Amino acid sequence: MHKSEICIIFARKRTIITYTYTNMQTSKYLLASDRDAEWGLTVSTIGKEHIMPGDPYPTKGHAYGYYFYVDRGRTLDEYQLLYNMEGEGVFSSAHVKNVPIKPGDMFLLFPGEWHSYHPLTDVGWKQYWIGFRGKNIDDRVKAGFLTPEKPVYRVGFSHEIKSTYEKAYEIAQEESAYVQQTLAGIVNYLIGLMYSLERNIILNKDSQQVDIINRARQRIRESLEQDLTIQDIAQDLGVGYSSFRKLFKEFTGLAPAQYQHDLRLQRAKELLSTTDESIKEIAYRLNFESPDYFSSKFKAKTGMKPSDFRAMNR
């Protein structure tokens with residue numbers, strides 16, 4: 001057994017209460033004002049624990065509403081994002097049952113969602129967590145980026161994730177002014193990192209597919225002023241158009257034609273800002289069907305006519 005300190009921080013009163021327990025666990029609980037909530041995301045707790053093989057679990061010292069019995073589980077009124085660095089365990093929720101938690105796994109708890117988790121008794125684990133709530137994260141759940149049906153993310157060991165949790169813990173302990181805004185940014189970064197890391201791991205398992213997409217993106221960028229279609233690119237790469245389009249969208253989030261279209265509009269902004277070429281010349285240079293078509297697409301994308309954009313940026 002090892003000793004550790006558990007600090008509870010009350011942000012408004014700037015009071016720090018420290019408890020000492022025999023388990024390797026340190027937790028911090030923060031308050032947020034109504035003004036903080038308007039930022040879109042607030043952090044309520046952050047901590048880390050190292051459970052040795054044979055240690056009792058859960059550890060003591062949690063604030064009211066956070067402690068739970070493994071066999072009963074619990075329901076929180078916030079999100080929590082946990083990262084398991086070492087050891088193994090099991091996670092269950094209302095949507096998934098007995099999911100193994102391995103080193104390098106992150107799992108997300110949802111408000112109002114029953115859950116329970118614990119390390120394997122003969123293995124233990126070392127993990128970080130951060131709890132938060134707000135419209136910012138609610139919107140991502142509504143959009144389907146994050147779902148209770150898929151709470152576990154296999155991201156592997158990441159020094160970046162570990163150091164980000166450590167930085168958040170350090171910031172919470174310092175309790176400087178506007179700490180909630182800083183911690184909100186860290187939570188957003190952690191979620192984005194988790195989301196992208198897992199998808200890149202999956203996509204990168206097939207190096208041939210990654211190579212195809214990288215070559216395709218390079219061809220598109222180099223041919224913005226050429227009459228080169230996406231079908232031509234797929235054919236040159238030896239891939240069927242439908243499968244290429246599906247793979248490209250999975251990798252980039254955009255259909256290849258949309259990717260090409262948006263890059264041409266981006267290039268148009270550059271030409272409007274740095275050259276004296278007419279709008280007609282720019283439209284045909286970038287292979288738009290007509291100046292009118294170019295102008296309508298440019299306005300749909302930027303909210304401004306090309307001429308107005310040029311006037312504003314010259």
# chains A, B, ... in the order shown; residues from 1 in each chain; ligands from 1
>>> select_by_dssp(residues="region 21-258 of chain A", states="strand (DSSP E or B)", output="PyMOL selection string")
chain A and resi 21+24-29+42-51+69+73-74+79-87+89-93+99-101+105-109+115-119+125-133+147+150+152-154
>>> closest_residue(among="A:Thr42, A:Thr26, A:Gln266, A:Gln231", to="Ile186 (chain A)", atoms="only C-alpha atoms")
A:Thr42
>>> residues_around(residues="region 65-79 of chain A", least_positions_apart="3", cutoff="8 Å", atoms="only C-alpha atoms", output="PyMOL selection string")
chain A and resi 57-58+60+62+108-118+131-133
>>> residues_around(residues="Leu228 (chain A)", least_positions_apart="2", cutoff="12 Å", atoms="only C-alpha atoms", output="list in words")
Ala216, Arg219, Ile220, Arg221, Glu222, Ser223, Leu224, Glu225, Gln226, Ile230, Gln231, Asp232, Ile233, Ala234, Gln235, Asp236, Ala257, Gln260, His261, Leu286, Asn287 and Phe288 of chain A
>>> residues_around(residues="Lys301 (chain A)", least_positions_apart="3", cutoff="12 Å", atoms="only C-alpha atoms", output="ChimeraX atom specification")
/A:258,261-266,268-269,294-298,304-306,309
>>> write_last_selection(atoms="N, CA, C and O atoms", output="PDB file, in the first residue's frame")
ATOM      1  N   GLN A 258     -16.088  17.026 -53.294  1.00  0.00           N
ATOM      2  CA  GLN A 258     -16.251  18.164 -52.380  1.00  0.00           C
ATOM      3  C   GLN A 258     -14.891  18.666 -51.913  1.00  0.00           C
ATOM      4  O   GLN A 258     -14.676  19.881 -51.781  1.00  0.00           O
ATOM      5  N   HIS A 261     -13.530  20.669 -54.740  1.00  0.00           N
ATOM      6  CA  HIS A 261     -14.307  21.908 -54.859  1.00  0.00           C
ATOM      7  C   HIS A 261     -13.890  22.926 -53.795  1.00  0.00           C
ATOM      8  O   HIS A 261     -13.666  24.112 -54.099  1.00  0.00           O
ATOM      9  N   ASP A 262     -13.757  22.473 -52.546  1.00  0.00           N
ATOM     10  CA  ASP A 262     -13.409  23.379 -51.455  1.00  0.00           C
ATOM     11  C   ASP A 262     -11.979  23.899 -51.602  1.00  0.00           C
ATOM     12  O   ASP A 262     -11.694  25.061 -51.262  1.00  0.00           O
ATOM     13  N   LEU A 263     -11.071  23.055 -52.108  1.00  0.00           N
ATOM     14  CA  LEU A 263      -9.705  23.516 -52.336  1.00  0.00           C
ATOM     15  C   LEU A 263      -9.652  24.575 -53.437  1.00  0.00           C
ATOM     16  O   LEU A 263      -8.866  25.533 -53.359  1.00  0.00           O
ATOM     17  N   ARG A 264     -10.488  24.415 -54.461  1.00  0.00           N
ATOM     18  CA  ARG A 264     -10.538  25.414 -55.529  1.00  0.00           C
ATOM     19  C   ARG A 264     -11.065  26.751 -55.007  1.00  0.00           C
ATOM     20  O   ARG A 264     -10.562  27.820 -55.382  1.00  0.00           O
ATOM     21  N   LEU A 265     -12.057  26.701 -54.138  1.00  0.00           N
ATOM     22  CA  LEU A 265     -12.566  27.936 -53.545  1.00  0.00           C
ATOM     23  C   LEU A 265     -11.518  28.575 -52.628  1.00  0.00           C
ATOM     24  O   LEU A 265     -11.405  29.798 -52.557  1.00  0.00           O
ATOM     25  N   GLN A 266     -10.763  27.738 -51.932  1.00  0.00           N
ATOM     26  CA  GLN A 266      -9.679  28.248 -51.101  1.00  0.00           C
ATOM     27  C   GLN A 266      -8.610  28.934 -51.956  1.00  0.00           C
ATOM     28  O   GLN A 266      -8.101  29.997 -51.612  1.00  0.00           O
ATOM     29  N   ALA A 268      -9.198  30.229 -54.838  1.00  0.00           N
ATOM     30  CA  ALA A 268      -9.824  31.438 -55.371  1.00  0.00           C
ATOM     31  C   ALA A 268      -9.655  32.611 -54.402  1.00  0.00           C
ATOM     32  O   ALA A 268      -9.397  33.750 -54.820  1.00  0.00           O
ATOM     33  N   LYS A 269      -9.775  32.348 -53.119  1.00  0.00           N
ATOM     34  CA  LYS A 269      -9.570  33.410 -52.121  1.00  0.00           C
ATOM     35  C   LYS A 269      -8.164  33.993 -52.251  1.00  0.00           C
ATOM     36  O   LYS A 269      -7.975  35.218 -52.179  1.00  0.00           O
ATOM     37  N   PHE A 294     -19.266  30.064 -60.543  1.00  0.00           N
ATOM     38  CA  PHE A 294     -18.201  30.302 -59.564  1.00  0.00           C
ATOM     39  C   PHE A 294     -18.673  31.274 -58.487  1.00  0.00           C
ATOM     40  O   PHE A 294     -18.486  31.046 -57.291  1.00  0.00           O
ATOM     41  N   SER A 295     -19.305  32.378 -58.907  1.00  0.00           N
ATOM     42  CA  SER A 295     -19.746  33.388 -57.949  1.00  0.00           C
ATOM     43  C   SER A 295     -20.782  32.832 -56.979  1.00  0.00           C
ATOM     44  O   SER A 295     -20.744  33.117 -55.777  1.00  0.00           O
ATOM     45  N   SER A 296     -21.713  32.025 -57.499  1.00  0.00           N
ATOM     46  CA  SER A 296     -22.751  31.470 -56.627  1.00  0.00           C
ATOM     47  C   SER A 296     -22.164  30.494 -55.622  1.00  0.00           C
ATOM     48  O   SER A 296     -22.553  30.480 -54.447  1.00  0.00           O
ATOM     49  N   LYS A 297     -21.207  29.670 -56.075  1.00  0.00           N
ATOM     50  CA  LYS A 297     -20.579  28.711 -55.167  1.00  0.00           C
ATOM     51  C   LYS A 297     -19.697  29.417 -54.145  1.00  0.00           C
ATOM     52  O   LYS A 297     -19.638  29.021 -52.978  1.00  0.00           O
ATOM     53  N   PHE A 298     -19.028  30.455 -54.574  1.00  0.00           N
ATOM     54  CA  PHE A 298     -18.173  31.218 -53.669  1.00  0.00           C
ATOM     55  C   PHE A 298     -19.015  31.884 -52.577  1.00  0.00           C
ATOM     56  O   PHE A 298     -18.656  31.839 -51.396  1.00  0.00           O
ATOM     57  N   MET A 304     -20.105  35.763 -49.120  1.00  0.00           N
ATOM     58  CA  MET A 304     -19.770  37.006 -49.818  1.00  0.00           C
ATOM     59  C   MET A 304     -19.596  36.748 -51.306  1.00  0.00           C
ATOM     60  O   MET A 304     -19.187  35.651 -51.719  1.00  0.00           O
ATOM     61  N   LYS A 305     -19.895  37.768 -52.120  1.00  0.00           N
ATOM     62  CA  LYS A 305     -19.588  37.685 -53.545  1.00  0.00           C
ATOM     63  C   LYS A 305     -18.081  37.827 -53.723  1.00  0.00           C
ATOM     64  O   LYS A 305     -17.413  38.478 -52.914  1.00  0.00           O
ATOM     65  N   PRO A 306     -17.507  37.227 -54.767  1.00  0.00           N
ATOM     66  CA  PRO A 306     -16.060  37.358 -54.995  1.00  0.00           C
ATOM     67  C   PRO A 306     -15.594  38.810 -55.017  1.00  0.00           C
ATOM     68  O   PRO A 306     -14.522  39.126 -54.491  1.00  0.00           O
ATOM     69  N   PHE A 309     -15.414  40.115 -51.506  1.00  0.00           N
ATOM     70  CA  PHE A 309     -14.284  39.507 -50.802  1.00  0.00           C
ATOM     71  C   PHE A 309     -12.979  40.201 -51.215  1.00  0.00           C
ATOM     72  O   PHE A 309     -12.153  40.506 -50.365  1.00  0.00           O
TER      73      PHE A 309
END
>>> select_by_dssp(residues="region 2-154 of chain A", states="alpha helix (DSSP H)", output="number ranges by chain")
A: 34-37, 135-142
>>> residues_around(residues="Gln180 (chain A)", least_positions_apart="4", cutoff="10 Å", atoms="only C-alpha atoms", output="PyMOL selection string")
chain A and resi 11+30-33+36-37+39+41-44+171-172+175-176+184-186
>>> write_last_selection(atoms="all heavy atoms", output="short mmCIF file (atom, residue, chain, number, x, y, z; two decimals), in the first residue's frame")
data_model
loop_
_atom_site.label_atom_id
_atom_site.label_comp_id
_atom_site.auth_asym_id
_atom_site.auth_seq_id
_atom_site.Cartn_x
_atom_site.Cartn_y
_atom_site.Cartn_z
N ALA A 11 -13.75 26.19 -5.87
CA ALA A 11 -13.21 27.30 -6.63
C ALA A 11 -13.66 28.66 -6.10
O ALA A 11 -12.91 29.61 -6.11
CB ALA A 11 -13.59 27.15 -8.09
N LEU A 30 -14.16 20.54 -8.40
CA LEU A 30 -14.23 21.98 -8.62
C LEU A 30 -15.67 22.45 -8.76
O LEU A 30 -16.54 21.69 -9.22
CB LEU A 30 -13.46 22.36 -9.89
CG LEU A 30 -11.96 22.06 -9.89
CD1 LEU A 30 -11.71 20.73 -10.59
CD2 LEU A 30 -11.21 23.16 -10.60
N LEU A 31 -15.90 23.70 -8.41
CA LEU A 31 -17.20 24.34 -8.64
C LEU A 31 -17.10 25.25 -9.85
O LEU A 31 -16.02 25.73 -10.19
CB LEU A 31 -17.61 25.15 -7.42
CG LEU A 31 -17.86 24.37 -6.12
CD1 LEU A 31 -18.24 25.33 -5.01
CD2 LEU A 31 -18.94 23.31 -6.33
N ALA A 32 -18.24 25.48 -10.48
CA ALA A 32 -18.29 26.38 -11.63
C ALA A 32 -19.44 27.35 -11.46
O ALA A 32 -20.51 26.97 -10.97
CB ALA A 32 -18.46 25.58 -12.92
N SER A 33 -19.24 28.59 -11.85
CA SER A 33 -20.29 29.60 -11.75
C SER A 33 -21.23 29.51 -12.95
O SER A 33 -20.94 28.84 -13.94
CB SER A 33 -19.66 30.99 -11.70
OG SER A 33 -19.04 31.29 -12.95
N ASP A 36 -19.39 30.64 -15.93
CA ASP A 36 -18.54 29.59 -16.47
C ASP A 36 -19.34 28.66 -17.38
O ASP A 36 -18.87 28.26 -18.45
CB ASP A 36 -17.92 28.76 -15.34
CG ASP A 36 -16.87 29.51 -14.56
OD1 ASP A 36 -16.21 30.40 -15.14
OD2 ASP A 36 -16.70 29.21 -13.37
N ALA A 37 -20.57 28.33 -16.96
CA ALA A 37 -21.40 27.41 -17.73
C ALA A 37 -21.71 27.97 -19.12
O ALA A 37 -21.87 27.21 -20.07
CB ALA A 37 -22.69 27.12 -16.98
N TRP A 39 -19.77 29.33 -21.04
CA TRP A 39 -18.63 29.03 -21.92
C TRP A 39 -18.91 27.80 -22.77
O TRP A 39 -18.34 27.61 -23.83
CB TRP A 39 -17.38 28.85 -21.06
CG TRP A 39 -16.10 28.74 -21.81
CD1 TRP A 39 -15.43 27.60 -22.12
CD2 TRP A 39 -15.32 29.82 -22.34
NE1 TRP A 39 -14.28 27.88 -22.80
CE2 TRP A 39 -14.18 29.25 -22.95
CE3 TRP A 39 -15.47 31.21 -22.35
CZ2 TRP A 39 -13.20 30.02 -23.58
CZ3 TRP A 39 -14.49 31.97 -22.97
CH2 TRP A 39 -13.38 31.37 -23.58
N LEU A 41 -18.75 24.49 -21.53
CA LEU A 41 -18.26 23.27 -20.90
C LEU A 41 -17.56 23.63 -19.61
O LEU A 41 -16.77 24.57 -19.56
CB LEU A 41 -17.30 22.53 -21.83
CG LEU A 41 -16.91 21.09 -21.45
CD1 LEU A 41 -16.61 20.27 -22.71
CD2 LEU A 41 -15.69 21.07 -20.54
N THR A 42 -17.88 22.91 -18.53
CA THR A 42 -17.22 23.12 -17.25
C THR A 42 -16.73 21.79 -16.70
O THR A 42 -17.30 20.74 -16.98
CB THR A 42 -18.17 23.76 -16.22
OG1 THR A 42 -19.31 22.91 -16.04
CG2 THR A 42 -18.62 25.14 -16.68
N VAL A 43 -15.67 21.84 -15.93
CA VAL A 43 -15.06 20.65 -15.35
C VAL A 43 -15.41 20.56 -13.88
O VAL A 43 -15.32 21.56 -13.15
CB VAL A 43 -13.53 20.67 -15.55
CG1 VAL A 43 -12.86 19.53 -14.78
CG2 VAL A 43 -13.20 20.57 -17.03
N SER A 44 -15.82 19.38 -13.44
CA SER A 44 -16.24 19.19 -12.05
C SER A 44 -15.25 18.37 -11.24
O SER A 44 -15.16 18.53 -10.02
CB SER A 44 -17.61 18.49 -12.01
OG SER A 44 -17.59 17.34 -12.85
N ILE A 171 -3.18 22.37 -13.45
CA ILE A 171 -3.94 23.62 -13.58
C ILE A 171 -5.05 23.68 -12.52
O ILE A 171 -5.29 24.73 -11.91
CB ILE A 171 -4.53 23.74 -15.00
CG1 ILE A 171 -3.40 24.01 -15.99
CG2 ILE A 171 -5.58 24.84 -15.06
CD1 ILE A 171 -3.82 23.93 -17.44
N ALA A 172 -5.74 22.56 -12.30
CA ALA A 172 -6.80 22.53 -11.30
C ALA A 172 -6.24 22.81 -9.91
O ALA A 172 -6.86 23.50 -9.10
CB ALA A 172 -7.50 21.18 -11.32
N GLU A 175 -5.42 26.55 -9.43
CA GLU A 175 -6.67 27.28 -9.23
C GLU A 175 -6.53 28.77 -9.52
O GLU A 175 -6.98 29.63 -8.76
CB GLU A 175 -7.16 27.08 -7.79
CG GLU A 175 -8.62 27.38 -7.60
CD GLU A 175 -9.01 27.37 -6.13
OE1 GLU A 175 -8.16 27.01 -5.30
OE2 GLU A 175 -10.15 27.73 -5.84
N SER A 176 -5.92 29.10 -10.63
CA SER A 176 -5.81 30.50 -11.02
C SER A 176 -7.14 31.01 -11.55
O SER A 176 -8.10 30.25 -11.72
CB SER A 176 -4.73 30.65 -12.10
OG SER A 176 -5.05 29.87 -13.24
N ALA A 184 -11.72 23.63 -19.83
CA ALA A 184 -12.66 23.30 -20.91
C ALA A 184 -11.90 23.05 -22.21
O ALA A 184 -12.21 22.13 -22.96
CB ALA A 184 -13.67 24.43 -21.09
N GLY A 185 -10.90 23.89 -22.47
CA GLY A 185 -10.08 23.69 -23.66
C GLY A 185 -9.34 22.37 -23.64
O GLY A 185 -9.22 21.68 -24.66
N ILE A 186 -8.87 21.96 -22.46
CA ILE A 186 -8.16 20.70 -22.33
C ILE A 186 -9.10 19.53 -22.58
O ILE A 186 -8.73 18.55 -23.25
CB ILE A 186 -7.50 20.60 -20.95
CG1 ILE A 186 -6.32 21.57 -20.88
CG2 ILE A 186 -7.05 19.19 -20.64
CD1 ILE A 186 -5.62 21.61 -19.54
#
>>> residues_around(residues="Pro119 (chain A)", least_positions_apart="3", cutoff="9 Å", atoms="only C-alpha atoms", output="list in words")
Ile51, Pro53, Tyr57, Gly87, Glu88, Gly89, Val90, Phe91, Ile101, Asp122, Val123, Gly124 and Trp125 of chain A
>>> atom_distance(atom1="CA of Val99 (chain A)", atom2="CA of Tyr153 (chain A)")
11.2 Å
>>> closest_residue(among="A:Leu193, A:Val210, A:Val152, A:Leu183", to="Ser93 (chain A)", atoms="only C-alpha atoms")
A:Val152
>>> closest_residue(among="A:Glu289, A:Ser242, A:Asn200, A:Phe251", to="Asp227 (chain A)", atoms="only C-alpha atoms")
A:Glu289
>>> closest_residue(among="A:Gly61, A:Gly144, A:Pro103, A:Gly240", to="Ser158 (chain A)", atoms="only C-alpha atoms")
A:Pro103
>>> atom_distance(atom1="CA of Trp129 (chain A)", atom2="CA of Glu38 (chain A)")
23.2 Å
